[in-house]
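Colleague: So here's protein_3.cif, just mmCIF, N, CA and C atoms:
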data_target
loop_
_atom_site.label_atom_id
_atom_site.label_comp_id
_atom_site.auth_asym_id
_atom_site.auth_seq_id
_atom_site.Cartn_x
_atom_site.Cartn_y
_atom_site.Cartn_z
N MET C 268 120.23 116.21 158.69
CA MET C 268 118.95 116.88 158.65
C MET C 268 119.05 118.20 157.88
N ALA C 269 120.08 118.98 158.16
CA ALA C 269 120.26 120.26 157.49
C ALA C 269 120.44 120.06 155.99
N LEU C 270 121.12 118.99 155.61
CA LEU C 270 121.32 118.69 154.20
C LEU C 270 119.98 118.42 153.50
N HIS C 271 119.09 117.69 154.19
CA HIS C 271 117.77 117.41 153.62
C HIS C 271 116.97 118.69 153.40
N VAL C 272 117.08 119.61 154.34
CA VAL C 272 116.38 120.90 154.23
C VAL C 272 116.93 121.69 153.05
N LEU C 273 118.26 121.70 152.90
CA LEU C 273 118.87 122.41 151.78
C LEU C 273 118.48 121.79 150.44
N VAL C 274 118.48 120.48 150.37
CA VAL C 274 118.08 119.79 149.13
C VAL C 274 116.63 120.09 148.81
N ALA C 275 115.76 120.02 149.82
CA ALA C 275 114.33 120.32 149.60
C ALA C 275 114.15 121.76 149.14
N ALA C 276 114.87 122.68 149.76
CA ALA C 276 114.78 124.09 149.36
C ALA C 276 115.26 124.27 147.92
N GLY C 277 116.33 123.57 147.58
CA GLY C 277 116.84 123.64 146.21
C GLY C 277 115.85 123.12 145.20
N VAL C 278 115.18 122.02 145.52
CA VAL C 278 114.16 121.45 144.62
C VAL C 278 113.00 122.42 144.45
N ILE C 279 112.56 123.02 145.54
CA ILE C 279 111.45 123.98 145.47
C ILE C 279 111.85 125.19 144.63
N LEU C 280 113.02 125.74 144.87
CA LEU C 280 113.48 126.89 144.09
C LEU C 280 113.63 126.54 142.62
N ALA C 281 114.13 125.37 142.31
CA ALA C 281 114.27 124.94 140.92
C ALA C 281 112.91 124.82 140.26
N SER C 282 111.93 124.28 140.99
CA SER C 282 110.57 124.14 140.44
C SER C 282 109.95 125.49 140.16
N VAL C 283 110.12 126.43 141.09
CA VAL C 283 109.60 127.78 140.90
C VAL C 283 110.28 128.43 139.70
N GLY C 284 111.60 128.24 139.60
CA GLY C 284 112.35 128.80 138.47
C GLY C 284 111.89 128.23 137.15
N LEU C 285 111.64 126.92 137.09
CA LEU C 285 111.15 126.30 135.85
C LEU C 285 109.77 126.82 135.48
N ALA C 286 108.91 127.00 136.46
CA ALA C 286 107.57 127.53 136.18
C ALA C 286 107.68 128.94 135.62
N ALA C 287 108.54 129.77 136.19
CA ALA C 287 108.73 131.14 135.69
C ALA C 287 109.33 131.12 134.30
N GLN C 288 110.28 130.20 134.06
CA GLN C 288 110.91 130.10 132.74
C GLN C 288 109.89 129.68 131.69
N THR C 289 108.99 128.75 132.04
CA THR C 289 107.96 128.30 131.11
C THR C 289 107.03 129.45 130.76
N LEU C 290 106.62 130.22 131.76
CA LEU C 290 105.76 131.37 131.52
C LEU C 290 106.47 132.39 130.64
N ALA C 291 107.72 132.70 130.96
CA ALA C 291 108.48 133.66 130.17
C ALA C 291 108.65 133.15 128.74
N SER C 292 108.91 131.86 128.59
CA SER C 292 109.09 131.31 127.26
C SER C 292 107.82 131.42 126.42
N SER C 293 106.66 131.22 127.04
CA SER C 293 105.42 131.34 126.28
C SER C 293 105.19 132.79 125.85
N LYS C 294 105.53 133.75 126.73
CA LYS C 294 105.43 135.17 126.35
C LYS C 294 106.47 135.49 125.28
N ASP C 295 107.67 134.97 125.46
CA ASP C 295 108.72 135.22 124.47
C ASP C 295 108.37 134.57 123.14
N GLU C 296 107.80 133.38 123.17
CA GLU C 296 107.43 132.74 121.91
C GLU C 296 106.40 133.58 121.17
N ALA C 297 105.42 134.10 121.88
CA ALA C 297 104.43 134.97 121.24
C ALA C 297 105.10 136.21 120.65
N ALA C 298 106.06 136.78 121.37
CA ALA C 298 106.77 137.97 120.88
C ALA C 298 107.60 137.65 119.65
N VAL C 299 108.25 136.49 119.65
CA VAL C 299 109.07 136.07 118.51
C VAL C 299 108.17 135.85 117.29
N ARG C 300 107.06 135.17 117.48
CA ARG C 300 106.11 134.95 116.38
C ARG C 300 105.59 136.28 115.82
N GLU C 301 105.38 137.25 116.71
CA GLU C 301 104.91 138.56 116.28
C GLU C 301 105.96 139.27 115.42
N VAL C 302 107.23 139.14 115.75
CA VAL C 302 108.29 139.74 114.93
C VAL C 302 108.26 139.13 113.52
N VAL C 303 108.08 137.83 113.41
CA VAL C 303 108.01 137.18 112.10
C VAL C 303 106.80 137.70 111.33
N ARG C 304 105.66 137.84 112.00
CA ARG C 304 104.45 138.37 111.35
C ARG C 304 104.70 139.80 110.86
N ARG C 305 105.34 140.61 111.70
CA ARG C 305 105.63 142.00 111.32
C ARG C 305 106.61 142.06 110.16
N TYR C 306 107.55 141.13 110.11
CA TYR C 306 108.51 141.08 109.00
C TYR C 306 107.79 140.82 107.69
N VAL C 307 106.92 139.83 107.67
CA VAL C 307 106.17 139.51 106.45
C VAL C 307 105.31 140.71 106.06
N ASN C 308 104.66 141.34 107.03
CA ASN C 308 103.82 142.49 106.75
C ASN C 308 104.64 143.66 106.21
N ALA C 309 105.80 143.93 106.80
CA ALA C 309 106.66 145.03 106.33
C ALA C 309 107.11 144.79 104.89
N ARG C 310 107.37 143.53 104.56
CA ARG C 310 107.75 143.21 103.18
C ARG C 310 106.58 143.45 102.23
N GLU C 311 105.40 143.04 102.65
CA GLU C 311 104.22 143.24 101.80
C GLU C 311 103.97 144.73 101.57
N LEU C 312 104.18 145.53 102.60
CA LEU C 312 103.98 146.98 102.48
C LEU C 312 105.15 147.68 101.80
N LYS C 313 106.26 146.94 101.62
CA LYS C 313 107.49 147.50 101.05
C LYS C 313 107.91 148.74 101.82
N ASP C 314 107.91 148.59 103.16
CA ASP C 314 108.18 149.70 104.07
C ASP C 314 109.61 149.59 104.61
N PRO C 315 110.55 150.38 104.07
CA PRO C 315 111.94 150.25 104.49
C PRO C 315 112.17 150.52 105.98
N ALA C 316 111.48 151.49 106.55
CA ALA C 316 111.67 151.80 107.98
C ALA C 316 111.18 150.65 108.85
N ALA C 317 110.05 150.05 108.47
CA ALA C 317 109.52 148.92 109.24
C ALA C 317 110.42 147.70 109.11
N ILE C 318 110.99 147.48 107.93
CA ILE C 318 111.92 146.35 107.74
C ILE C 318 113.16 146.58 108.59
N GLU C 319 113.74 147.77 108.50
CA GLU C 319 114.97 148.09 109.24
C GLU C 319 114.78 147.89 110.75
N ALA C 320 113.64 148.30 111.27
CA ALA C 320 113.38 148.24 112.71
C ALA C 320 113.34 146.81 113.25
N LEU C 321 113.16 145.83 112.39
CA LEU C 321 113.02 144.44 112.82
C LEU C 321 114.35 143.69 112.93
N PHE C 322 115.44 144.30 112.44
CA PHE C 322 116.72 143.60 112.37
C PHE C 322 117.73 144.17 113.36
N THR C 323 118.63 143.30 113.84
CA THR C 323 119.77 143.78 114.62
C THR C 323 120.70 144.51 113.66
N ALA C 324 121.55 145.36 114.18
CA ALA C 324 122.47 146.13 113.34
C ALA C 324 123.38 145.21 112.52
N ASP C 325 123.80 144.08 113.10
CA ASP C 325 124.73 143.18 112.43
C ASP C 325 124.05 141.96 111.79
N ALA C 326 122.76 142.05 111.57
CA ALA C 326 122.01 140.92 111.00
C ALA C 326 122.55 140.54 109.62
N ASP C 327 122.28 139.30 109.24
CA ASP C 327 122.59 138.89 107.87
C ASP C 327 121.48 137.99 107.34
N GLN C 328 121.42 137.93 106.01
CA GLN C 328 120.38 137.15 105.33
C GLN C 328 121.00 136.46 104.13
N HIS C 329 120.75 135.15 104.06
CA HIS C 329 121.21 134.37 102.90
C HIS C 329 119.97 133.95 102.13
N THR C 330 119.88 134.36 100.88
CA THR C 330 118.67 134.13 100.08
C THR C 330 118.79 132.85 99.24
N THR C 331 117.67 132.46 98.66
CA THR C 331 117.66 131.27 97.81
C THR C 331 118.46 131.49 96.53
N SER C 332 118.67 132.75 96.15
CA SER C 332 119.46 133.03 94.95
C SER C 332 120.96 133.01 95.24
N GLY C 333 121.33 132.85 96.52
CA GLY C 333 122.73 132.80 96.89
C GLY C 333 123.29 134.13 97.36
N GLU C 334 122.46 135.16 97.34
CA GLU C 334 122.92 136.47 97.81
C GLU C 334 123.04 136.45 99.33
N TRP C 335 124.15 136.99 99.83
CA TRP C 335 124.36 137.06 101.27
C TRP C 335 124.42 138.53 101.66
N ARG C 336 123.36 138.98 102.28
CA ARG C 336 123.26 140.38 102.71
C ARG C 336 123.78 140.47 104.14
N ARG C 337 124.72 141.38 104.35
CA ARG C 337 125.33 141.53 105.67
C ARG C 337 125.06 142.93 106.22
N GLY C 338 124.37 142.99 107.34
CA GLY C 338 124.04 144.27 107.97
C GLY C 338 122.75 144.85 107.43
N ARG C 339 122.12 145.68 108.25
CA ARG C 339 120.85 146.29 107.83
C ARG C 339 121.01 147.11 106.56
N ALA C 340 122.18 147.73 106.39
CA ALA C 340 122.40 148.58 105.21
C ALA C 340 122.29 147.78 103.91
N GLN C 341 122.54 146.48 103.94
CA GLN C 341 122.36 145.62 102.76
C GLN C 341 121.01 144.91 102.78
N ILE C 342 120.54 144.57 103.97
CA ILE C 342 119.29 143.81 104.08
C ILE C 342 118.09 144.62 103.59
N VAL C 343 117.97 145.85 104.02
CA VAL C 343 116.78 146.64 103.68
C VAL C 343 116.65 146.85 102.17
N PRO C 344 117.64 147.41 101.46
CA PRO C 344 117.46 147.57 100.01
C PRO C 344 117.40 146.23 99.29
N GLY C 345 118.14 145.24 99.78
CA GLY C 345 118.10 143.92 99.15
C GLY C 345 116.72 143.28 99.26
N THR C 346 116.10 143.44 100.40
CA THR C 346 114.76 142.91 100.62
C THR C 346 113.75 143.59 99.70
N LEU C 347 113.85 144.90 99.60
CA LEU C 347 112.92 145.65 98.73
C LEU C 347 113.13 145.26 97.27
N GLU C 348 114.38 145.12 96.84
CA GLU C 348 114.67 144.72 95.46
C GLU C 348 114.17 143.31 95.20
N SER C 349 114.36 142.41 96.15
CA SER C 349 113.91 141.04 96.01
C SER C 349 112.38 140.98 95.88
N SER C 350 111.68 141.79 96.66
CA SER C 350 110.21 141.83 96.58
C SER C 350 109.76 142.34 95.21
N LYS C 351 110.53 143.26 94.66
CA LYS C 351 110.22 143.81 93.34
C LYS C 351 110.45 142.75 92.24
N ARG C 352 111.57 142.03 92.35
CA ARG C 352 111.91 140.98 91.36
C ARG C 352 111.00 139.77 91.45
N ASN C 353 110.51 139.47 92.66
CA ASN C 353 109.69 138.29 92.91
C ASN C 353 108.36 138.72 93.52
N PRO C 354 107.49 139.33 92.70
CA PRO C 354 106.24 139.83 93.26
C PRO C 354 105.32 138.69 93.70
N GLY C 355 104.47 139.00 94.64
CA GLY C 355 103.50 138.03 95.13
C GLY C 355 103.26 138.24 96.61
N THR C 356 102.32 137.49 97.13
CA THR C 356 101.98 137.56 98.54
C THR C 356 102.84 136.58 99.31
N ARG C 357 103.59 137.10 100.27
CA ARG C 357 104.51 136.28 101.05
C ARG C 357 103.86 135.80 102.35
N THR C 358 104.18 134.57 102.72
CA THR C 358 103.78 134.05 104.02
C THR C 358 104.93 133.22 104.59
N ILE C 359 105.09 133.31 105.87
CA ILE C 359 105.97 132.40 106.62
C ILE C 359 105.08 131.79 107.69
N THR C 360 104.89 130.50 107.62
CA THR C 360 104.08 129.79 108.60
C THR C 360 105.01 129.20 109.64
N VAL C 361 105.02 129.79 110.81
CA VAL C 361 105.94 129.33 111.87
C VAL C 361 105.51 127.95 112.34
N GLN C 362 106.40 126.98 112.15
CA GLN C 362 106.12 125.62 112.61
C GLN C 362 106.84 125.31 113.91
N ALA C 363 107.95 125.97 114.16
CA ALA C 363 108.71 125.67 115.37
C ALA C 363 109.46 126.90 115.85
N VAL C 364 109.46 127.07 117.15
CA VAL C 364 110.27 128.10 117.82
C VAL C 364 111.06 127.36 118.88
N ARG C 365 112.37 127.50 118.82
CA ARG C 365 113.24 126.84 119.80
C ARG C 365 114.16 127.88 120.41
N PHE C 366 114.18 127.94 121.72
CA PHE C 366 115.02 128.90 122.41
C PHE C 366 116.36 128.25 122.72
N MET C 367 117.42 128.81 122.14
CA MET C 367 118.77 128.33 122.40
C MET C 367 119.23 128.82 123.78
N THR C 368 118.86 130.05 124.09
CA THR C 368 119.06 130.65 125.41
C THR C 368 117.82 131.49 125.66
N SER C 369 117.75 132.15 126.78
CA SER C 369 116.58 133.00 127.04
C SER C 369 116.56 134.22 126.12
N ASP C 370 117.68 134.50 125.44
CA ASP C 370 117.77 135.67 124.57
C ASP C 370 117.99 135.35 123.09
N VAL C 371 117.96 134.07 122.72
CA VAL C 371 118.19 133.67 121.33
C VAL C 371 117.18 132.58 120.96
N ALA C 372 116.46 132.81 119.86
CA ALA C 372 115.47 131.84 119.40
C ALA C 372 115.69 131.52 117.92
N ILE C 373 115.41 130.27 117.57
CA ILE C 373 115.44 129.83 116.17
C ILE C 373 114.00 129.55 115.76
N VAL C 374 113.61 130.12 114.62
CA VAL C 374 112.26 129.95 114.09
C VAL C 374 112.36 129.25 112.75
N ASP C 375 111.53 128.24 112.53
CA ASP C 375 111.50 127.51 111.26
C ASP C 375 110.09 127.42 110.74
N GLY C 376 109.97 127.47 109.39
CA GLY C 376 108.67 127.26 108.79
C GLY C 376 108.68 127.46 107.29
N PRO C 377 107.64 126.96 106.64
CA PRO C 377 107.50 127.15 105.20
C PRO C 377 107.37 128.63 104.85
N TYR C 378 108.05 129.01 103.78
CA TYR C 378 108.02 130.37 103.27
C TYR C 378 107.49 130.28 101.85
N GLU C 379 106.39 130.96 101.58
CA GLU C 379 105.77 130.87 100.26
C GLU C 379 105.55 132.26 99.68
N ILE C 380 105.67 132.31 98.35
CA ILE C 380 105.33 133.52 97.60
C ILE C 380 104.29 133.10 96.58
N ALA C 381 103.06 133.57 96.77
CA ALA C 381 101.97 133.25 95.85
C ALA C 381 101.82 134.41 94.88
N GLY C 382 102.00 134.11 93.59
CA GLY C 382 101.90 135.14 92.57
C GLY C 382 101.16 134.64 91.36
N ALA C 383 101.17 135.44 90.32
CA ALA C 383 100.46 135.11 89.08
C ALA C 383 100.97 133.82 88.45
N GLY C 384 102.25 133.52 88.63
CA GLY C 384 102.83 132.32 88.04
C GLY C 384 102.71 131.08 88.92
N GLY C 385 101.95 131.18 90.00
CA GLY C 385 101.81 130.05 90.92
C GLY C 385 102.45 130.37 92.26
N THR C 386 102.65 129.34 93.04
CA THR C 386 103.21 129.52 94.38
C THR C 386 104.62 128.95 94.44
N ARG C 387 105.54 129.78 94.87
CA ARG C 387 106.92 129.36 95.07
C ARG C 387 107.07 128.90 96.52
N ARG C 388 107.45 127.64 96.72
CA ARG C 388 107.53 127.07 98.06
C ARG C 388 108.98 126.92 98.50
N MET C 389 109.27 127.51 99.65
CA MET C 389 110.64 127.48 100.20
C MET C 389 110.56 127.17 101.69
N TRP C 390 111.67 127.34 102.35
CA TRP C 390 111.76 127.18 103.79
C TRP C 390 112.55 128.34 104.35
N ALA C 391 112.15 128.82 105.51
CA ALA C 391 112.87 129.92 106.17
C ALA C 391 113.27 129.50 107.57
N THR C 392 114.49 129.84 107.91
CA THR C 392 114.99 129.70 109.28
C THR C 392 115.46 131.09 109.70
N LEU C 393 114.92 131.57 110.79
CA LEU C 393 115.28 132.88 111.32
C LEU C 393 115.87 132.71 112.71
N VAL C 394 116.90 133.48 112.99
CA VAL C 394 117.48 133.54 114.33
C VAL C 394 117.11 134.91 114.89
N LEU C 395 116.46 134.90 116.04
CA LEU C 395 116.08 136.16 116.68
C LEU C 395 116.84 136.31 117.98
N LYS C 396 117.15 137.57 118.28
CA LYS C 396 117.92 137.89 119.48
C LYS C 396 117.16 138.95 120.27
N ARG C 397 117.13 138.76 121.57
CA ARG C 397 116.49 139.76 122.42
C ARG C 397 117.49 140.91 122.62
N GLU C 398 117.04 142.12 122.30
CA GLU C 398 117.84 143.32 122.56
C GLU C 398 117.14 144.12 123.64
N ALA C 399 117.73 145.22 124.04
CA ALA C 399 117.18 146.02 125.15
C ALA C 399 115.73 146.42 124.90
N ASP C 400 115.36 146.67 123.65
CA ASP C 400 114.01 147.13 123.35
C ASP C 400 113.13 146.05 122.71
N GLY C 401 113.54 144.80 122.77
CA GLY C 401 112.69 143.72 122.26
C GLY C 401 113.43 142.78 121.33
N TRP C 402 112.69 141.85 120.77
CA TRP C 402 113.25 140.83 119.88
C TRP C 402 113.52 141.42 118.51
N ARG C 403 114.66 141.03 117.91
CA ARG C 403 115.04 141.47 116.57
C ARG C 403 115.56 140.26 115.80
N ILE C 404 115.47 140.34 114.49
CA ILE C 404 115.98 139.28 113.62
C ILE C 404 117.49 139.48 113.48
N ALA C 405 118.25 138.44 113.80
CA ALA C 405 119.71 138.49 113.69
C ALA C 405 120.19 137.78 112.43
N ALA C 406 119.40 136.83 111.93
CA ALA C 406 119.79 136.10 110.72
C ALA C 406 118.57 135.45 110.08
N ILE C 407 118.61 135.37 108.75
CA ILE C 407 117.59 134.63 107.99
C ILE C 407 118.32 133.74 107.00
N ARG C 408 117.89 132.50 106.92
CA ARG C 408 118.37 131.56 105.92
C ARG C 408 117.16 131.04 105.18
N ASN C 409 117.06 131.39 103.90
CA ASN C 409 115.99 130.87 103.05
C ASN C 409 116.55 129.79 102.17
N MET C 410 115.76 128.76 101.96
CA MET C 410 116.24 127.66 101.13
C MET C 410 115.08 127.03 100.37
N VAL C 411 115.42 126.36 99.30
CA VAL C 411 114.43 125.60 98.54
C VAL C 411 114.63 124.13 98.88
N PRO C 412 113.64 123.50 99.51
CA PRO C 412 113.79 122.08 99.85
C PRO C 412 114.03 121.23 98.60
N THR C 413 114.88 120.21 98.76
CA THR C 413 115.20 119.35 97.62
C THR C 413 114.18 118.25 97.41
N GLY C 414 113.33 118.01 98.40
CA GLY C 414 112.32 116.98 98.26
C GLY C 414 112.82 115.59 98.64
N ARG C 415 114.00 115.50 99.18
CA ARG C 415 114.55 114.20 99.59
C ARG C 415 113.99 113.77 100.91
#
I need this file expressed as structure tokens, please.

Modeller:
Amino acid sequence: MALHVLVAAGVILASVGLAAQTLASSKDEAAVREVVRRYVNARELKDPAAIEALFTADADQHTTSGEWRRGRAQIVPGTLESSKRNPGTRTITVQAVRFMTSDVAIVDGPYEIAGAGGTRRMWATLVLKREADGWRIAAIRNMVPTGR
């Protein structure tokens, strides 16, 4: 009898925990999506302080040109230079957010730069990490789909 009570209590606690996790995940997903929106906006504004604030100290970014920027000290000027070399309106349309843990999320979606020469279509994968003061970008991988 005592075993049945313990099992029932465990099931109830697990259900409550899953409900709380689902609620937290929906809030976290909104926060993660907001960081991606702020990243695109900071790039459009060419605002180095806003770009820097979105990344973890040890973040890295691998671009479609093959450049691998390591740390905010390389990401911020590299991002500004890249925006200068590739002018246009940038968008990242978040298609998927997957939480690897409660503090790590992977974001995927089309990344486009619309400019005078047309629209450049790519793909972006971002890894975000929860830090003490909120979600930050820990890694970005941009790629050009091969069409296969």

Colleague: Write out as an MDAnalysis selection string the set of residues from chain C that DSSP, computed on the backbone, places in alpha helix (DSSP H).

Modeller: chainID C and resid 269:312 315:320 339:352

Colleague: I need the residue nearest C:Val361 from this list: C:Asp375, C:Glu296, C:Glu334, C:Glu301. Use all atoms listed in the file for the distance.

Modeller: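 Looking at the shortest contact to C:Val361, the residue is C:Asp375.
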
Colleague: Determine the residue membership of the PyMOL selection byres ((chain C and resi 329) around 7) for the file above and supply it as a VMD selection string.

Modeller: chain C and resid 327 to 328 330 to 336 406 to 410

Colleague: Using all atoms listed in the file, give me every residue within 6.5 Å of (123.8, 140.5, 113.1) in file coordinates, as a PyMOL selection string.

Modeller: chain C and resi 323-327+338+404-406

Colleague: To one decimal in Å, tell me the separation between atom CA of C:Thr392 and atom CA of C:Lys313.

Modeller: 21.0 Å

Colleague: Within 9 Å of (111.6, 143.7, 109.7) in the file's own coordinates, which protein, DNA or RNA residues have an atom, counting only C-alpha atoms? List them as a PyMOL selection string.

Modeller: chain C and resi 302-303+305-310+314-322+343+403-404

Colleague: I want to know what sits within 8 Å of C:Asp370, based on only C-alpha atoms, with residues of the same chain fewer than 2 positions away left out; could you give that as a PyMOL selection string?

Modeller: chain C and resi 366-368+372+396-398

Colleague: Kindly indicate which residue among C:Leu347, C:Arg304, C:Arg339, C:Pro354 lies nearest to C:Ala381, using only C-alpha atoms for the distances.

Modeller: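 Counting only C-alpha atoms, the residue closest to C:Ala381 is C:Pro354.
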
Colleague: Once DSSP has gone over the backbone, tell me which residues of chain C are in strand (DSSP E or B), as a ChimeraX atom specification.

Modeller: /C:322-329,335-337,356-359,363-368,371-382,385-398,401-410

Colleague: One number please: atom N of C:Ile380 to atom C of C:Gly401, in Å, one decimal.

Modeller: 26.4 Å

Colleague: Using only C-alpha atoms for the distances, tell me which of C:Leu312, C:Glu348, C:Leu395, C:Thr413 is nearest to C:Ser369.

Modeller: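 Ranked by minimum distance to C:Ser369, first place goes to C:Leu395.
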
Colleague: Which residues are near C:Pro377? Cut-off 6 Å, only C-alpha atoms, ignore same chain within fewer than 2 positions. Put them as a list in words.

Modeller: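 Counting only C-alpha atoms, the residues come to Ile359, Thr360, Met389 and Trp390 of chain C.
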
Colleague: Mind pulling up the distance from atom N of C:Ala363 to atom C of C:Gly382?

Modeller: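 Atom N of C:Ala363 lies at a distance of 25.3 Å from atom C of C:Gly382.
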
Colleague: Would you place a box with edges along x, y and z of the file around all atoms of stretch 340-354 of chain C listed there, add 3 Å to each of its six sides, and report the centre and edge lengths in Å to one decimal, as AutoDock Vina command-line options?

Modeller:
--center_x 113.9 --center_y 143.4 --center_z 98.9 --size_x 23.2 --size_y 16.3 --size_z 21.0

Colleague: Which is closest to C:Arg388 among C:Val411, C:Thr358, C:Val364, C:Val371, if we use all atoms listed in the file?

Modeller: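 Answer, going by the shortest atom-to-atom distance: C:Val411.
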